[in-house]
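Undergrad: Handing over model.cif, mmCIF, C-alpha atoms.
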```
data_data
#
loop_
_atom_site.label_atom_id
_atom_site.label_comp_id
_atom_site.auth_asym_id
_atom_site.auth_seq_id
_atom_site.Cartn_x
_atom_site.Cartn_y
_atom_site.Cartn_z
CA MET A 28 130.57 -273.42 -46.86
CA PRO A 29 133.90 -272.85 -48.71
CA THR A 30 133.39 -272.37 -52.43
CA ASP A 31 136.19 -274.87 -53.11
CA ALA A 32 134.69 -277.62 -50.94
CA PRO A 33 134.41 -280.87 -52.93
CA TYR A 34 131.02 -282.16 -54.00
CA ARG A 35 130.21 -285.36 -52.11
CA GLY A 36 127.71 -287.98 -53.27
CA THR A 37 127.39 -289.46 -49.78
CA ILE A 38 124.07 -287.65 -49.50
CA THR A 39 122.56 -290.58 -51.44
CA ARG A 40 122.89 -292.78 -48.34
CA GLU A 41 122.84 -290.13 -45.61
CA GLN A 42 119.69 -288.41 -46.86
CA TRP A 43 117.28 -286.40 -44.63
CA LEU A 44 117.87 -288.17 -41.29
CA LEU A 45 115.85 -285.81 -39.10
CA ARG A 46 114.87 -288.52 -36.59
CA GLU A 47 118.43 -289.80 -36.30
CA THR A 48 119.95 -286.33 -36.07
CA ARG A 49 117.58 -285.42 -33.25
CA ILE A 50 118.71 -288.50 -31.33
CA VAL A 51 122.36 -287.55 -31.77
CA ALA A 52 121.68 -283.91 -30.87
CA ARG A 53 119.89 -284.89 -27.66
CA LEU A 54 122.79 -287.10 -26.65
CA ARG A 55 125.30 -284.34 -27.35
CA VAL A 56 123.29 -281.82 -25.35
CA ALA A 57 122.98 -284.29 -22.46
CA LEU A 58 126.70 -285.11 -22.50
CA GLY A 59 127.75 -281.46 -22.60
CA PRO A 60 131.49 -280.91 -22.08
CA SER A 61 132.07 -284.65 -21.70
CA TYR A 62 130.96 -285.23 -25.31
CA ASP A 63 133.26 -287.50 -27.28
CA SER A 64 132.40 -288.35 -30.88
CA SER A 65 133.75 -291.91 -30.88
CA ALA A 66 132.10 -292.76 -27.57
CA LEU A 67 128.81 -291.29 -28.75
CA VAL A 68 128.82 -293.36 -31.95
CA SER A 69 129.68 -296.50 -29.98
CA ARG A 70 126.83 -295.89 -27.55
CA ILE A 71 124.31 -295.39 -30.35
CA ALA A 72 125.49 -298.63 -31.96
CA GLU A 73 125.53 -300.65 -28.73
CA GLU A 74 122.00 -299.56 -27.82
CA ASN A 75 120.88 -299.57 -31.46
CA LEU A 76 119.11 -296.27 -30.90
CA PHE A 77 118.29 -295.93 -34.59
CA GLN A 78 116.74 -299.42 -34.75
CA TYR A 79 118.73 -300.32 -37.87
CA PRO A 80 119.41 -303.92 -38.92
CA THR A 81 123.23 -303.74 -38.83
CA GLU A 82 125.79 -302.16 -36.52
CA ARG A 83 127.79 -300.96 -39.51
CA GLU A 84 124.85 -298.94 -40.81
CA VAL A 85 124.13 -297.50 -37.36
CA LYS A 86 127.71 -296.32 -36.95
CA SER A 87 127.87 -294.86 -40.46
CA ILE A 88 124.71 -292.82 -40.02
CA ALA A 89 125.59 -291.81 -36.45
CA ARG A 90 128.90 -290.40 -37.68
CA ALA A 91 127.09 -288.55 -40.48
CA CYS A 92 124.59 -286.98 -38.06
CA ASP A 93 127.37 -286.05 -35.65
CA ARG A 94 129.37 -284.46 -38.47
CA ARG A 95 126.36 -282.43 -39.62
CA LEU A 96 125.78 -281.11 -36.12
CA SER A 97 129.43 -280.14 -35.78
CA SER A 98 129.24 -278.28 -39.10
CA LEU A 99 126.42 -276.02 -37.85
CA SER A 100 128.93 -273.34 -36.85
CA ASP A 101 132.57 -272.73 -36.03
CA ASP A 102 131.32 -270.67 -33.08
CA GLU A 103 130.59 -272.94 -30.13
CA HIS A 104 127.74 -270.81 -28.79
CA VAL A 105 126.03 -270.55 -32.17
CA ARG A 106 126.47 -274.27 -32.73
CA ASP A 107 124.99 -275.09 -29.32
CA ALA A 108 121.98 -272.86 -29.97
CA LEU A 109 121.29 -274.53 -33.30
CA MET A 110 121.87 -277.99 -31.86
CA GLY A 111 119.33 -277.14 -29.18
CA LEU A 112 116.76 -276.47 -31.90
CA VAL A 113 117.42 -279.89 -33.40
CA ALA A 114 117.33 -281.62 -30.03
CA ASP A 115 114.46 -279.90 -28.25
CA GLY A 116 112.87 -277.42 -30.63
CA THR A 117 109.44 -277.70 -32.20
CA PRO A 118 109.14 -280.09 -35.16
CA GLU A 119 109.36 -277.07 -37.48
CA GLN A 120 112.47 -275.68 -35.77
CA ALA A 121 114.16 -279.06 -35.79
CA ALA A 122 113.41 -279.63 -39.46
CA LEU A 123 114.73 -276.23 -40.56
CA ALA A 124 117.86 -276.52 -38.39
CA ASN A 125 118.43 -279.98 -39.86
CA LEU A 126 118.16 -278.56 -43.37
CA TYR A 127 120.68 -275.90 -42.41
CA ALA A 128 123.03 -278.56 -41.04
CA MET A 129 122.77 -280.45 -44.32
CA ALA A 130 123.65 -277.30 -46.25
CA ARG A 131 126.61 -276.48 -44.01
CA ASP A 132 127.86 -280.05 -44.35
CA ASN A 133 127.27 -280.81 -48.03
CA ARG A 134 128.08 -278.44 -50.89
CA ILE A 135 125.41 -279.91 -53.16
CA VAL A 136 122.72 -278.99 -50.65
CA TRP A 137 124.34 -275.59 -50.08
CA ASP A 138 124.42 -274.77 -53.79
CA PHE A 139 120.89 -276.02 -54.38
CA LEU A 140 119.48 -273.92 -51.54
CA SER A 141 121.58 -270.79 -52.12
CA VAL A 142 121.38 -270.74 -55.92
CA THR A 143 118.04 -272.28 -56.84
CA VAL A 144 115.71 -272.20 -53.83
CA ALA A 145 116.81 -268.85 -52.39
CA HIS A 146 116.48 -267.18 -55.79
CA LYS A 147 112.97 -268.55 -56.25
CA LEU A 148 111.84 -267.32 -52.86
CA ARG A 149 113.58 -263.96 -53.14
CA THR A 150 111.88 -263.28 -56.48
CA HIS A 151 108.51 -264.60 -55.27
CA ASP A 152 108.52 -267.40 -57.85
CA PRO A 153 106.88 -270.39 -56.15
CA ALA A 154 107.26 -272.79 -59.06
CA LEU A 155 110.02 -275.38 -58.70
CA SER A 156 109.60 -278.16 -61.20
CA ARG A 157 111.26 -281.54 -61.20
CA HIS A 158 112.92 -280.48 -64.45
CA GLU A 159 114.54 -277.47 -62.75
CA ILE A 160 116.09 -279.68 -60.08
CA VAL A 161 117.34 -282.04 -62.79
CA SER A 162 118.79 -279.03 -64.65
CA PHE A 163 120.55 -277.83 -61.49
CA LEU A 164 122.30 -281.21 -61.19
CA ALA A 165 123.05 -281.32 -64.92
CA ASP A 166 124.79 -277.95 -64.60
CA LEU A 167 126.89 -279.30 -61.72
CA ARG A 168 127.87 -282.21 -63.94
CA LEU A 169 129.14 -279.78 -66.56
CA GLN A 170 131.05 -277.68 -64.04
CA ASP A 171 132.72 -280.34 -61.90
CA GLU A 172 134.75 -283.39 -62.92
CA ARG A 173 133.76 -285.37 -59.85
CA VAL A 174 130.04 -284.85 -60.43
CA ALA A 175 130.55 -285.63 -64.13
CA SER A 176 131.76 -289.11 -63.15
CA TRP A 177 128.55 -289.93 -61.27
CA SER A 178 125.91 -292.09 -62.91
CA ASP A 179 122.45 -290.92 -63.90
CA ALA A 180 121.07 -293.15 -61.13
CA THR A 181 123.21 -291.35 -58.54
CA LEU A 182 122.08 -287.94 -59.73
CA ASN A 183 118.46 -289.07 -59.69
CA LYS A 184 118.88 -290.26 -56.11
CA ILE A 185 120.39 -286.90 -55.16
CA ARG A 186 117.40 -285.16 -56.76
CA GLN A 187 115.09 -287.26 -54.60
CA VAL A 188 117.05 -286.40 -51.45
CA LEU A 189 116.89 -282.67 -52.23
CA THR A 190 113.15 -282.92 -52.85
CA ASN A 191 112.61 -284.91 -49.66
CA ALA A 192 114.57 -282.35 -47.64
CA LEU A 193 112.35 -279.49 -48.83
CA GLU A 194 109.25 -281.58 -48.19
CA GLY A 195 110.53 -282.49 -44.74
CA CYS A 196 110.52 -278.79 -43.86
CA GLY A 197 107.02 -278.29 -45.21
CA MET A 198 108.43 -275.97 -47.85
CA TYR A 199 107.56 -277.92 -50.97
CA ASP A 200 104.74 -279.92 -52.52
CA ARG A 201 106.04 -282.21 -55.22
CA LYS A 202 102.57 -282.79 -56.69
CA SER A 203 101.92 -279.12 -57.35
CA GLU A 204 105.69 -278.39 -57.67
CA ARG A 205 105.34 -275.28 -55.55
CA LEU A 206 107.56 -273.74 -52.89
CA GLU A 207 106.23 -272.13 -49.73
CA PRO A 208 108.68 -270.16 -47.55
CA PRO A 209 108.63 -271.06 -43.86
CA LEU A 210 107.77 -268.60 -41.13
CA PRO A 211 111.06 -267.08 -39.91
CA ASP A 212 112.36 -268.43 -36.61
CA ARG A 213 114.29 -265.78 -34.68
CA CYS A 214 116.80 -268.18 -33.12
CA LEU A 215 117.57 -269.89 -36.41
CA THR A 216 117.84 -266.76 -38.53
CA SER A 217 120.00 -265.07 -35.88
CA ALA A 218 122.41 -268.00 -36.04
CA VAL A 219 122.43 -267.92 -39.85
CA ARG A 220 123.35 -264.23 -39.70
CA GLN A 221 126.08 -264.82 -37.11
CA ASN A 222 127.56 -267.49 -39.37
CA GLY A 223 127.58 -264.99 -42.23
CA ASP A 224 125.34 -267.21 -44.38
CA LEU A 225 123.11 -264.35 -45.51
CA VAL A 226 122.59 -265.94 -48.91
CA LEU A 227 120.49 -268.64 -47.22
CA LEU A 228 118.16 -266.28 -45.35
CA PRO A 229 115.38 -266.47 -48.00
CA VAL A 230 115.31 -270.25 -47.50
CA PHE A 231 114.43 -269.63 -43.88
CA GLY A 232 111.72 -267.09 -44.59
CA VAL A 233 113.67 -263.82 -44.53
CA ILE A 234 113.32 -261.81 -47.72
CA GLU A 235 115.42 -258.64 -47.65
#
```
Starting from the coordinates I provided, produce the structure as structure tokens.

TA:
Amino acid sequence: MPTDAPYRGTITREQWLLRETRIVARLRVALGPSYDSSALVSRIAEENLFQYPTEREVKSIARACDRRLSSLSDDEHVRDALMGLVADGTPEQAALANLYAMARDNRIVWDFLSVTVAHKLRTHDPALSRHEIVSFLADLRLQDERVASWSDATLNKIRQVLTNALEGCGMYDRKSERLEPPLPDRCLTSAVRQNGDLVLLPVFGVIE
């Protein structure tokens, strides 16, 4: 994730999307070299594979899932390995690979995981309060003009998405406000290393 990548608030509508991303990943794996992004999105919409009420929403989310999968790596082989985890891995593998895709695609998720979550896990501090997530977003608001223009409601929605993402991986309990690192998955952590994203390794259970 480039440090100058813009912060995007689209995460408020794109959210966790594990089920939808698995559908897209399976289609991409099945299509192989014949994969075409536009054709894939059209197929998902025509068959309403997400079971959404409107075609517009289906296409919007399909494009988001496809973009996340493409962001998994610039290396085709690494990307295919990670996409395989999303498509056909265990529920735990798919969830963690989906979280990684979110981080690679969205700088807010990247910063939250690399700055806040990774630090907590690396220092064996399991407490992650709602207030700390709010403070993380408040700091972004102070540092970035685009984030500063977002409403409190938007930032609160982003906080909910970040919380849901951690919960979706089984890493967080919002009632107790405690983090639990996942068991490392060799395929996932190998891909993270090959991408050079060492700062995220604690998020995926590797404390060095």

Undergrad: Which residues, named as in the file, does the PyMOL selection byres ((chain A and resi 157-172) around 10) pick out? Answer as a PyMOL selection string.

TA: chain A and resi 33-34+135+138-139+142-144+154-156+173-177+179+182-183+185-187+189-190+201-202+204

Undergrad: Using the chain letters and numbering of this document, enumerate as a VMD selection string the residues selected by the PyMOL selection byres ((chain A and resi 216) around 12).

TA: chain A and resid 105 108 to 109 112 120 123 to 124 127 209 to 215 217 to 234

Undergrad: Could you tell me which residues the PyMOL selection byres ((chain A and resi 207) around 10) grabs in this file, written as a ChimeraX atom specification?

TA: /A:148,151-154,193,196-200,205-206,208-210,230,232

Undergrad: Take the residues from that selection and put them in a file with C-alpha atoms, as a PDB file, keeping the file's coordinate frame.

TA:
```
ATOM      1  CA  LEU A 148     111.840-267.320 -52.860  1.00  0.00           C
ATOM      2  CA  HIS A 151     108.510-264.600 -55.270  1.00  0.00           C
ATOM      3  CA  ASP A 152     108.520-267.400 -57.850  1.00  0.00           C
ATOM      4  CA  PRO A 153     106.880-270.390 -56.150  1.00  0.00           C
ATOM      5  CA  ALA A 154     107.260-272.790 -59.060  1.00  0.00           C
ATOM      6  CA  LEU A 193     112.350-279.490 -48.830  1.00  0.00           C
ATOM      7  CA  CYS A 196     110.520-278.790 -43.860  1.00  0.00           C
ATOM      8  CA  GLY A 197     107.020-278.290 -45.210  1.00  0.00           C
ATOM      9  CA  MET A 198     108.430-275.970 -47.850  1.00  0.00           C
ATOM     10  CA  TYR A 199     107.560-277.920 -50.970  1.00  0.00           C
ATOM     11  CA  ASP A 200     104.740-279.920 -52.520  1.00  0.00           C
ATOM     12  CA  ARG A 205     105.340-275.280 -55.550  1.00  0.00           C
ATOM     13  CA  LEU A 206     107.560-273.740 -52.890  1.00  0.00           C
ATOM     14  CA  PRO A 208     108.680-270.160 -47.550  1.00  0.00           C
ATOM     15  CA  PRO A 209     108.630-271.060 -43.860  1.00  0.00           C
ATOM     16  CA  LEU A 210     107.770-268.600 -41.130  1.00  0.00           C
ATOM     17  CA  VAL A 230     115.310-270.250 -47.500  1.00  0.00           C
ATOM     18  CA  GLY A 232     111.720-267.090 -44.590  1.00  0.00           C
TER      19      GLY A 232
END
```

Undergrad: How would you write as a PyMOL selection string the residues that get within 7 Å of (123.7, -277.9, -38.7) in the file's frame, counting only C-alpha atoms?

TA: chain A and resi 95-99+109+124-125+127-129+131

Undergrad: I'd like the neighbourhood of region 67-78 of chain A as a list of chain:residue names, where a residue qualifies if any of its atoms comes within 9 Å (using all atoms listed in the file), though same-chain residues fewer than 3 positions away should be ignored.

TA: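 Once the nearby chain positions are removed, what remains is A:Arg46, A:Glu47, A:Ile50, A:Val51, A:Leu54, A:Arg55, A:Tyr62, A:Asp63, A:Ser64, A:Thr81, A:Glu82, A:Arg83, A:Glu84, A:Val85, A:Lys86, A:Ser87, A:Ile88, A:Ala89, A:Arg90, A:Asp93.
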
Undergrad: What separation in Å, quoted to one decimal, exists between CA of Lys184 (chain A) and CA of Thr39 (chain A)?

TA: 6.0 Å

Undergrad: Please compute the CA of Glu194 (chain A)-CA of Arg35 (chain A) distance, one decimal, in Å.

TA: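 The value is 21.7 Å.
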
Undergrad: Could you please determine the separation between CA of Val113 (chain A) and CA of Ala52 (chain A) in Å, to one decimal place?

TA: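 Distance reported for this atom pair: 6.4 Å.
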
Undergrad: With distances taken over all atoms listed in the file, which residue among A:Ser178, A:Gln42, A:Ala192, A:Arg53 lies nearest Gly116 (chain A)?

TA: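 The closest residue to Gly116 (chain A) is A:Arg53.
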